[in-house]
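K.L.:
Contents of model-v4.txt (compact mmCIF, C-alpha atoms) are below:
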# COMPACT_ATOMS: atom_id res chain seq x y z
CA MET A 1288 -16.07 124.95 32.82
CA ASN A 1289 -15.16 126.31 29.40
CA LEU A 1290 -16.62 125.37 26.03
CA TYR A 1291 -13.71 123.01 25.22
CA GLU A 1292 -14.29 120.99 28.40
CA ASP A 1293 -18.05 120.91 27.77
CA ARG A 1294 -17.50 119.30 24.38
CA PHE A 1295 -15.67 116.39 26.04
CA THR A 1296 -18.20 115.85 28.79
CA PHE A 1297 -20.98 113.27 28.49
CA LEU A 1298 -23.53 112.26 31.15
CA ASN A 1299 -21.51 114.08 33.83
CA TYR A 1300 -18.26 112.36 32.82
CA ASN A 1301 -15.20 114.03 31.41
CA LEU A 1302 -14.37 111.96 28.32
CA LYS A 1303 -10.80 113.22 28.40
CA LYS A 1304 -10.46 110.94 31.43
CA TYR A 1305 -11.81 107.91 29.58
CA ASN A 1306 -9.39 104.95 29.72
CA TRP A 1307 -8.65 104.81 26.01
CA ARG A 1308 -5.60 102.61 26.62
CA LEU A 1309 -7.71 99.81 28.04
CA LEU A 1310 -10.32 100.21 25.29
CA ILE A 1311 -7.64 100.00 22.57
CA LEU A 1312 -6.11 96.92 24.23
CA ILE A 1313 -9.50 95.18 24.20
CA ILE A 1314 -10.02 96.08 20.52
CA LEU A 1315 -6.56 94.77 19.59
CA THR A 1316 -6.92 91.55 21.60
CA THR A 1317 -10.42 90.65 20.43
CA THR A 1318 -9.54 91.42 16.81
CA PHE A 1319 -6.43 89.28 17.11
CA GLY A 1320 -8.58 86.50 18.57
CA LEU A 1321 -11.04 86.77 15.72
CA PHE A 1322 -8.31 86.11 13.15
CA VAL A 1323 -6.93 83.18 15.17
CA ILE A 1324 -10.41 81.63 15.48
CA GLU A 1325 -10.92 82.00 11.73
CA SER A 1326 -7.69 80.09 11.17
CA ALA A 1327 -8.34 77.48 13.89
CA ALA A 1328 -11.76 76.24 12.74
CA ASN A 1329 -14.25 77.09 10.03
CA GLY A 1330 -17.64 78.56 10.86
CA TYR A 1331 -16.91 80.18 14.23
CA ALA A 1332 -15.49 83.59 13.32
CA ARG A 1333 -18.83 85.04 12.19
CA LYS A 1334 -20.53 84.25 15.49
CA GLN A 1335 -17.51 85.57 17.39
CA PHE A 1336 -17.63 88.80 15.37
CA LEU A 1337 -21.31 89.22 16.25
CA GLY A 1338 -20.40 88.64 19.90
CA MET A 1339 -17.66 91.28 19.60
CA ILE A 1340 -20.12 93.88 18.32
CA ILE A 1341 -22.66 93.13 21.05
CA GLY A 1342 -19.88 93.01 23.63
CA PHE A 1343 -18.46 96.40 22.64
CA ILE A 1344 -21.89 97.99 22.84
CA ALA A 1345 -22.47 96.44 26.27
CA MET A 1346 -19.00 97.48 27.44
CA ILE A 1347 -19.50 101.10 26.42
CA ILE A 1348 -22.95 101.24 28.05
CA VAL A 1349 -21.68 99.70 31.30
CA SER A 1350 -18.71 102.07 31.33
CA PHE A 1351 -21.11 105.03 31.69
CA ILE A 1352 -23.22 103.51 34.49
CA ASP A 1353 -21.99 104.43 37.97
CA TYR A 1354 -20.79 101.21 39.58
CA ASN A 1355 -21.99 102.49 42.96
CA PHE A 1356 -25.50 102.60 41.53
CA ILE A 1357 -25.15 98.99 40.33
CA LEU A 1358 -23.91 97.88 43.76
CA GLN A 1359 -27.19 99.05 45.31
CA PHE A 1360 -28.82 96.06 43.63
CA HIS A 1361 -26.47 93.49 45.17
CA LEU A 1362 -29.29 91.33 46.52
CA PRO A 1363 -31.25 91.02 43.23
CA ILE A 1364 -27.93 90.40 41.44
CA TYR A 1365 -27.09 87.59 43.86
CA LEU A 1366 -30.54 86.01 43.57
CA ALA A 1367 -30.38 86.26 39.77
CA ALA A 1368 -26.97 84.55 39.71
CA VAL A 1369 -28.12 81.71 41.95
CA GLY A 1370 -31.39 81.43 40.02
CA MET A 1371 -29.57 81.09 36.68
CA LEU A 1372 -27.26 78.41 38.05
CA VAL A 1373 -30.14 76.43 39.55
CA ALA A 1374 -32.11 76.73 36.30
CA VAL A 1375 -29.23 75.43 34.17
CA LEU A 1376 -28.91 72.38 36.42
CA LEU A 1377 -32.62 71.66 35.98
CA PHE A 1378 -33.26 72.69 32.39
CA GLY A 1379 -29.85 73.06 30.76
CA VAL A 1380 -28.52 71.13 27.79
CA ASN A 1381 -26.80 67.87 28.73
CA VAL A 1382 -23.48 67.56 26.89
CA ASN A 1383 -21.31 64.56 27.80
CA GLY A 1384 -22.93 64.34 31.22
CA ALA A 1385 -22.55 68.05 32.06
CA ARG A 1386 -25.30 70.67 32.29
CA ARG A 1387 -23.65 74.06 31.80
CA TRP A 1388 -25.53 75.65 28.92
CA PHE A 1389 -28.95 76.87 27.82
CA ALA A 1390 -29.81 76.20 24.18
CA LEU A 1391 -30.71 79.27 22.11
CA GLY A 1392 -31.63 77.56 18.87
CA SER A 1393 -29.65 78.79 15.88
CA PHE A 1394 -27.79 81.27 18.10
CA GLY A 1395 -26.00 78.41 19.86
CA THR A 1396 -25.79 78.20 23.64
CA ILE A 1397 -25.30 80.49 26.61
CA GLN A 1398 -23.32 79.62 29.75
CA PRO A 1399 -24.72 81.25 32.91
CA SER A 1400 -21.59 80.58 35.00
CA GLU A 1401 -19.65 83.07 32.83
CA PHE A 1402 -22.05 85.93 33.58
CA ALA A 1403 -22.31 84.87 37.22
CA LYS A 1404 -18.57 85.59 37.61
CA ILE A 1405 -19.13 89.32 37.11
CA MET A 1406 -22.28 89.24 39.21
CA MET A 1407 -20.50 87.56 42.10
CA ILE A 1408 -17.61 90.04 41.90
CA LEU A 1409 -20.20 92.77 42.54
CA VAL A 1410 -21.85 90.81 45.36
CA LEU A 1411 -18.53 89.96 46.99
CA THR A 1412 -17.50 93.62 46.76
CA HIS A 1413 -20.57 94.64 48.74
CA LEU A 1414 -20.02 91.91 51.34
CA ILE A 1415 -16.41 92.92 51.93
CA VAL A 1416 -17.03 96.68 52.04
CA GLU A 1417 -19.88 96.24 54.53
CA ARG A 1418 -17.54 94.28 56.83
CA LYS A 1419 -14.20 95.89 56.03
CA ASP A 1420 -13.38 96.61 59.68
CA ARG A 1421 -13.92 92.94 60.61
CA ILE A 1422 -12.52 91.28 57.48
CA SER A 1423 -9.74 89.47 59.39
CA GLN A 1424 -12.15 87.88 61.85
CA LEU A 1425 -12.87 84.19 61.23
CA ARG A 1426 -16.57 84.74 61.91
CA THR A 1427 -16.80 87.38 59.17
CA LEU A 1428 -14.95 85.24 56.64
CA ILE A 1429 -17.19 82.26 57.35
CA LEU A 1430 -20.30 84.40 56.83
CA ILE A 1431 -19.01 85.81 53.53
CA GLY A 1432 -17.82 82.34 52.51
CA ILE A 1433 -21.22 80.73 53.11
CA ILE A 1434 -22.95 83.32 50.92
CA TYR A 1435 -20.33 82.98 48.19
CA ILE A 1436 -20.06 79.19 48.26
CA ILE A 1437 -23.68 78.61 47.20
CA PRO A 1438 -23.20 79.60 43.53
CA VAL A 1439 -19.74 77.98 43.57
CA PHE A 1440 -21.27 74.68 44.70
CA LEU A 1441 -23.92 74.88 41.98
CA ILE A 1442 -21.17 75.30 39.36
CA TYR A 1443 -19.23 72.39 40.86
CA LYS A 1444 -22.35 70.22 40.49
CA GLU A 1445 -22.72 70.94 36.75
CA PRO A 1446 -19.90 69.62 36.91
CA ASN A 1447 -17.45 72.39 36.02
CA MET A 1448 -14.29 72.12 38.10
CA SER A 1449 -12.26 74.62 36.07
CA THR A 1450 -14.80 77.42 36.49
CA THR A 1451 -15.15 76.51 40.16
CA LEU A 1452 -11.42 77.17 40.57
CA VAL A 1453 -11.82 80.57 38.87
CA TYR A 1454 -14.45 81.55 41.43
CA LEU A 1455 -12.27 80.40 44.32
CA PHE A 1456 -9.28 82.36 43.00
CA ILE A 1457 -11.41 85.50 42.63
CA PHE A 1458 -12.61 85.04 46.23
CA ILE A 1459 -9.07 84.68 47.59
CA MET A 1460 -7.72 87.70 45.72
CA MET A 1461 -10.64 89.98 46.59
CA ILE A 1462 -10.51 89.03 50.27
CA PHE A 1463 -6.79 89.78 50.21
CA CYS A 1464 -7.37 93.15 48.51
CA GLY A 1465 -10.10 93.84 51.06
CA GLY A 1466 -7.49 94.17 53.79
CA LEU A 1467 -7.01 90.66 55.18
CA SER A 1468 -4.22 90.79 57.77
CA TYR A 1469 -0.90 89.11 57.01
CA ARG A 1470 -1.04 87.34 60.36
CA PHE A 1471 -4.30 85.66 59.35
CA ILE A 1472 -2.83 84.79 55.94
CA ALA A 1473 0.15 83.12 57.63
CA ARG A 1474 -2.16 81.03 59.80
CA VAL A 1475 -4.22 79.96 56.81
CA PHE A 1476 -1.07 79.05 54.89
CA LEU A 1477 0.23 76.88 57.75
CA PHE A 1478 -3.13 75.11 57.87
CA ALA A 1479 -3.49 74.81 54.09
CA VAL A 1480 -0.16 73.10 53.36
CA PRO A 1481 -0.97 69.81 55.15
CA VAL A 1482 -4.59 69.92 53.90
CA ILE A 1483 -3.45 70.24 50.28
CA ALA A 1484 -0.91 67.46 50.77
CA PHE A 1485 -3.67 65.23 52.16
CA LEU A 1486 -5.99 66.06 49.25
CA VAL A 1487 -3.29 65.20 46.70
CA TRP A 1488 -2.93 61.81 48.39
CA TYR A 1489 -6.66 61.31 48.83
CA ILE A 1490 -7.75 61.93 45.23
CA GLN A 1491 -5.40 59.17 44.08
CA GLN A 1492 -7.09 56.58 46.28
CA PRO A 1493 -9.76 54.23 44.81
CA PHE A 1494 -12.30 55.28 47.45
CA GLN A 1495 -12.11 59.06 46.76
CA ILE A 1496 -15.44 60.78 46.04
CA LEU A 1497 -14.37 64.39 45.34
CA LEU A 1498 -13.59 64.04 41.63
CA HIS A 1499 -15.34 62.49 38.67
CA GLY A 1500 -13.48 59.81 36.76
CA TYR A 1501 -12.43 62.04 33.87
CA GLN A 1502 -11.22 64.75 36.28
CA LEU A 1503 -9.09 62.24 38.17
CA ASN A 1504 -7.65 60.85 34.94
CA ARG A 1505 -6.53 64.34 33.90
CA ILE A 1506 -4.66 64.86 37.15
CA LEU A 1507 -3.08 61.40 37.00
CA ALA A 1508 -2.10 62.04 33.37
CA PHE A 1509 -0.35 65.23 34.48
CA LEU A 1510 1.48 63.44 37.30
CA ASN A 1511 2.36 60.41 35.15
CA PRO A 1512 2.32 61.62 31.51
CA SER A 1513 4.16 58.60 30.08
CA ASP A 1514 1.39 56.26 31.26
CA TYR A 1515 -1.35 58.33 29.58
CA GLN A 1516 0.43 59.67 26.50
CA GLN A 1517 -1.83 57.80 24.05
CA THR A 1518 -5.05 58.52 25.97
CA THR A 1519 -5.79 61.33 28.43
CA ALA A 1520 -2.50 63.17 27.95
CA ASN A 1521 -2.62 62.93 24.17
CA GLN A 1522 -4.14 66.37 23.54
CA GLN A 1523 -1.62 68.19 25.69
CA TYR A 1524 1.24 66.24 24.13
CA ASN A 1525 0.05 67.24 20.65
CA SER A 1526 -0.42 70.82 21.80
CA VAL A 1527 3.18 71.06 23.01
CA MET A 1528 4.41 69.52 19.76
CA ALA A 1529 2.38 72.05 17.74
CA ILE A 1530 3.68 75.03 19.73
CA GLY A 1531 7.26 73.77 19.45
CA SER A 1532 6.95 73.20 15.71
CA GLY A 1533 6.15 76.89 15.22
CA MET A 1534 9.62 77.85 16.45
CA ILE A 1535 10.33 81.61 16.23
CA THR A 1536 8.07 82.91 13.48
CA GLY A 1537 5.58 80.04 13.03
CA LYS A 1538 4.44 78.04 10.02
CA GLY A 1539 2.30 80.86 8.72
CA TYR A 1540 -1.22 82.12 9.31
CA ASN A 1541 -4.05 79.78 8.32
CA ASN A 1542 -1.65 76.89 7.88
CA ASN A 1543 -3.57 73.81 6.83
CA THR A 1544 -0.94 71.13 6.21
CA PHE A 1545 -1.61 67.56 7.29
CA THR A 1546 0.90 67.88 10.13
CA SER A 1547 -0.76 71.00 11.56
CA VAL A 1548 -3.20 71.13 14.47
CA LYS A 1549 -6.11 71.92 12.16
CA GLY A 1550 -5.11 69.86 9.13
CA GLY A 1551 -4.20 66.72 11.07
CA ASN A 1552 -7.10 66.98 13.55
CA PHE A 1553 -4.70 66.26 16.43
CA ILE A 1554 -6.53 68.47 18.93
CA SER A 1555 -10.27 68.82 19.48
CA GLU A 1556 -11.86 72.21 20.21
CA GLN A 1557 -8.71 74.04 19.12
CA GLN A 1558 -10.77 77.22 18.72
CA THR A 1559 -11.51 77.33 22.47
CA ASP A 1560 -9.46 75.54 25.14
CA PHE A 1561 -6.39 74.95 22.96
CA ILE A 1562 -6.39 78.19 20.98
CA PHE A 1563 -2.86 78.90 22.22
CA SER A 1564 -1.54 75.84 20.38
CA VAL A 1565 -2.81 77.34 17.12
CA ILE A 1566 -1.12 80.65 17.95
CA GLY A 1567 2.16 78.95 18.80
CA GLU A 1568 2.14 76.78 15.67
CA GLU A 1569 1.10 79.41 13.12
CA LEU A 1570 2.63 82.56 14.61
CA GLY A 1571 5.50 81.01 16.54
CA PHE A 1572 7.29 82.33 19.61
CA ILE A 1573 6.73 85.91 18.48
CA GLY A 1574 2.95 85.44 18.19
CA SER A 1575 2.85 83.66 21.57
CA CYS A 1576 4.71 86.53 23.23
CA ILE A 1577 2.39 89.10 21.65
CA THR A 1578 -0.61 87.17 23.01
CA ILE A 1579 0.81 87.04 26.53
CA LEU A 1580 1.82 90.71 26.34
CA LEU A 1581 -1.68 91.85 25.32
CA LEU A 1582 -3.31 89.92 28.16
CA ALA A 1583 -0.68 91.09 30.66
CA LEU A 1584 -1.25 94.72 29.67
CA ILE A 1585 -5.02 94.32 30.15
CA VAL A 1586 -4.46 92.90 33.64
CA TYR A 1587 -1.95 95.67 34.40
CA GLU A 1588 -4.42 98.38 33.36
CA CYS A 1589 -7.10 96.83 35.59
CA LEU A 1590 -4.70 96.74 38.54
CA LYS A 1591 -3.65 100.34 37.89
CA VAL A 1592 -7.31 101.36 37.96
CA ALA A 1593 -7.69 99.44 41.23
CA ARG A 1594 -4.70 101.24 42.75
CA ASN A 1595 -6.07 104.68 41.81
CA ALA A 1596 -9.75 103.96 42.52
CA SER A 1597 -11.64 106.62 44.44
CA SER A 1598 -13.28 104.07 46.76
CA MET A 1599 -12.73 100.63 48.24
CA SER A 1600 -15.64 99.31 46.18
CA GLY A 1601 -13.96 100.38 42.96
CA ARG A 1602 -10.66 98.87 44.03
CA LEU A 1603 -12.28 95.51 44.80
CA ILE A 1604 -14.24 95.31 41.53
CA ALA A 1605 -11.15 96.14 39.46
CA CYS A 1606 -9.09 93.59 41.41
CA GLY A 1607 -11.79 90.98 40.89
CA VAL A 1608 -11.87 91.53 37.12
CA ALA A 1609 -8.05 91.55 36.94
CA SER A 1610 -7.76 88.30 38.91
CA MET A 1611 -10.42 86.63 36.73
CA ILE A 1612 -8.61 87.53 33.49
CA ALA A 1613 -5.16 86.71 34.89
CA PHE A 1614 -6.14 83.31 36.29
CA GLN A 1615 -7.97 82.18 33.16
CA SER A 1616 -5.08 83.31 30.96
CA PHE A 1617 -2.54 81.51 33.13
CA VAL A 1618 -4.55 78.28 33.25
CA ASN A 1619 -5.38 78.24 29.52
CA ILE A 1620 -1.77 78.81 28.48
CA GLY A 1621 -0.54 76.46 31.22
CA VAL A 1622 -2.75 73.65 29.92
CA ALA A 1623 -1.71 74.21 26.30
CA THR A 1624 1.97 74.07 27.29
CA ASN A 1625 1.49 71.11 29.67
CA LEU A 1626 2.45 73.11 32.75
CA LEU A 1627 -0.92 72.34 34.35
CA PRO A 1628 -3.40 69.43 34.27
CA ASN A 1629 -5.84 69.49 31.38
CA THR A 1630 -8.92 71.56 32.16
CA GLY A 1631 -11.26 73.58 30.00
CA LEU A 1632 -10.97 77.35 30.33
CA PRO A 1633 -11.14 79.80 27.41
CA LEU A 1634 -8.34 82.29 26.79
CA PRO A 1635 -9.97 85.67 27.62
CA PHE A 1636 -10.93 87.81 24.59
CA ILE A 1637 -9.20 85.36 22.23
CA SER A 1638 -10.87 81.93 22.46
CA TYR A 1639 -14.21 81.33 20.80
CA GLY A 1640 -17.10 81.60 23.24
CA LEU A 1641 -19.78 84.27 23.26
CA SER A 1642 -20.70 83.94 26.95
CA SER A 1643 -17.08 84.34 28.05
CA LEU A 1644 -16.49 87.24 25.67
CA LEU A 1645 -19.61 89.16 26.73
CA ALA A 1646 -18.94 88.62 30.44
CA ASN A 1647 -15.32 89.75 30.14
CA MET A 1648 -16.32 92.87 28.22
CA ALA A 1649 -18.95 93.72 30.83
CA GLY A 1650 -16.22 93.41 33.46
CA ILE A 1651 -13.97 95.76 31.50
CA GLY A 1652 -16.86 98.21 31.25
CA LEU A 1653 -17.06 98.27 35.05
CA VAL A 1654 -13.31 98.87 35.29
CA ILE A 1655 -13.49 101.79 32.85
CA ASN A 1656 -16.33 103.32 34.86
CA ILE A 1657 -14.29 103.02 38.07
CA ASP A 1658 -11.52 104.98 36.35
CA LEU A 1659 -14.03 107.54 35.06
CA GLN A 1660 -15.24 108.35 38.58
CA LYS A 1661 -12.03 110.33 39.18
CA GLY A 1662 -12.94 112.68 36.32
CA ARG A 1663 -16.52 113.53 37.28
CA ARG A 1664 -17.52 117.19 37.65
Output the file's structure as structure tokens, nothing else.

P.N.:
Amino acid sequence: MNLYEDRFTFLNYNLKKYNWRLLILIILTTTFGLFVIESAANGYARKQFLGMIIGFIAMIIVSFIDYNFILQFHLPIYLAAVGMLVAVLLFGVNVNGARRWFALGSFGTIQPSEFAKIMMILVLTHLIVERKDRISQLRTLILIGIIYIIPVFLIYKEPNMSTTLVYLFIFIMMIFCGGLSYRFIARVFLFAVPVIAFLVWYIQQPFQILLHGYQLNRILAFLNPSDYQQTTANQQYNSVMAIGSGMITGKGYNNNTFTSVKGGNFISEQQTDFIFSVIGEELGFIGSCITILLLALIVYECLKVARNASSMSGRLIACGVASMIAFQSFVNIGVATNLLPNTGLPLPFISYGLSSLLANMAGIGLVINIDLQKGRR
């Protein structure tokens, strides 16, 4: 190795192989989100900026830690994830009947389920790799499912249906990437269609016990929006109106007129779950497309890393992170545009939320490390 190559090598990694494209995309997206948060609501941008700094430091550190080394601690990681989720149910802050957060005084709150996503991606990776030759056997899937469903059930009991769905989507995509046979997938699909149809009918019955009242109302409002336009469906209706009012170029950054989302107070928590309505109103169709493009490029880079990974473990982790970001982006934008029932999920790297931001950046750090493994000496 010559002197030039030595200068670009750090901790046994060749920095010329560092995924600078993904790093730049994260910087652009989080910075864009910071400006949107500043416009959406006062007092949140400073905390988000602090979270960005901490997140970048964590991301860089994680990107230089061999993911294979981290996977050796799959059992402590699993126990820590379950322990956090049990603790938040017992000692967490109760907000509107839900226990999802730990209070950190003046620093705000922390949401364990966000960090548990990354932890369970690592655990699920180990479970699949250890059983890769038997992944299409029902017995193997049931075993993996039982281990995985414990933290998912704890999140469901918070209650937090939206995050529960994120975990289930990650599970499905990682099992698929783990080599699940198409014949098995076809059988599951044939079984799932009537089950889903039955569940849609069942949750609308007065004796159903699967959903809480507010969760059921959100689904019914989506199915019958005219009946709930002034109540449950009101936020989504206002969100669509705000996005439409932005037209091509938007009303302008930091718009504060009485008819705007912020000025008229038509939408609550616009800095988190409905951040896309602020983007659509102030930056218009162009700003909305830029947002979607940035998130799509991040997912694409993660999938490209997965395709070129040097091991099955790396491929699964990158696929897990990509599916997490893609699903949350799709649901958040789908809710804001009334394509999906109302549910609370932050827009990755853009919405306000320190737990979500830090967890997503840690996931990106893992993806960058997977890519770096190809360039080791």

K.L.:
Mind giving me the straight-line distance from CA of Ser1423 (chain A) to CA of Ser1598 (chain A) in Å, one decimal?

P.N.:
19.6 Å

K.L.:
CA of Phe1456 (chain A) and CA of Met1599 (chain A), how far apart in Å?

P.N.:
19.3 Å

K.L.:
Just how far from CA of Met1461 (chain A) is CA of Leu1372 (chain A), in Å to one decimal?

P.N.:
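We find that CA of Leu1372 (chain A) and CA of Met1461 (chain A) lie 22.0 Å from each other.
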
K.L.:
So which residues touch Lys1419 (chain A) within 10 Å, counting only C-alpha atoms, skipping near sequence neighbours fewer than 5 positions away, as number ranges by chain?

P.N.:
A: 1413-1414, 1427, 1462, 1465-1467, 1599

K.L.:
Kindly indicate which residue among A:Glu1556, A:Asp1420, A:Asp1353, A:Glu1445 lies nearest to Ala1374 (chain A), using all atoms listed in the file for the distances.

P.N.:
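Going through A:Glu1556, A:Asp1420, A:Asp1353, A:Glu1445 one by one, the smallest distance to Ala1374 (chain A) is for A:Glu1445.
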
K.L.:
For Asn1542 (chain A), which residue among A:Asp1560, A:Glu1401, A:Glu1569, A:Asp1658 is the nearest when counting all atoms listed in the file?

P.N.:
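Checking each candidate against Asn1542 (chain A), we get A:Glu1569 as the closest.
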
K.L.:
Neighbourhood query: residues within 10 Å of (-11.6, 97.3, 28.7), file coordinates, counting only C-alpha atoms; return as a PyMOL selection string.

P.N.:
chain A and resi 1306-1314+1343+1346-1347+1350+1585-1586+1588-1589+1647-1656

K.L.:
Output the selection as a compact mmCIF listing (two decimals), in the coordinates of the input - C-alpha atoms for each residue.

P.N.:
# COMPACT_ATOMS: atom_id res chain seq x y z
CA ASN A 1306 -9.39 104.95 29.72
CA TRP A 1307 -8.65 104.81 26.01
CA ARG A 1308 -5.60 102.61 26.62
CA LEU A 1309 -7.71 99.81 28.04
CA LEU A 1310 -10.32 100.21 25.29
CA ILE A 1311 -7.64 100.00 22.57
CA LEU A 1312 -6.11 96.92 24.23
CA ILE A 1313 -9.50 95.18 24.20
CA ILE A 1314 -10.02 96.08 20.52
CA PHE A 1343 -18.46 96.40 22.64
CA MET A 1346 -19.00 97.48 27.44
CA ILE A 1347 -19.50 101.10 26.42
CA SER A 1350 -18.71 102.07 31.33
CA ILE A 1585 -5.02 94.32 30.15
CA VAL A 1586 -4.46 92.90 33.64
CA GLU A 1588 -4.42 98.38 33.36
CA CYS A 1589 -7.10 96.83 35.59
CA ASN A 1647 -15.32 89.75 30.14
CA MET A 1648 -16.32 92.87 28.22
CA ALA A 1649 -18.95 93.72 30.83
CA GLY A 1650 -16.22 93.41 33.46
CA ILE A 1651 -13.97 95.76 31.50
CA GLY A 1652 -16.86 98.21 31.25
CA LEU A 1653 -17.06 98.27 35.05
CA VAL A 1654 -13.31 98.87 35.29
CA ILE A 1655 -13.49 101.79 32.85
CA ASN A 1656 -16.33 103.32 34.86

K.L.:
Looking at A:Thr1450, A:Ser1597, A:Ala1479, A:Val1487, which one is nearest to Val1618 (chain A), with distances taken over all atoms listed in the file?

P.N.:
A:Thr1450
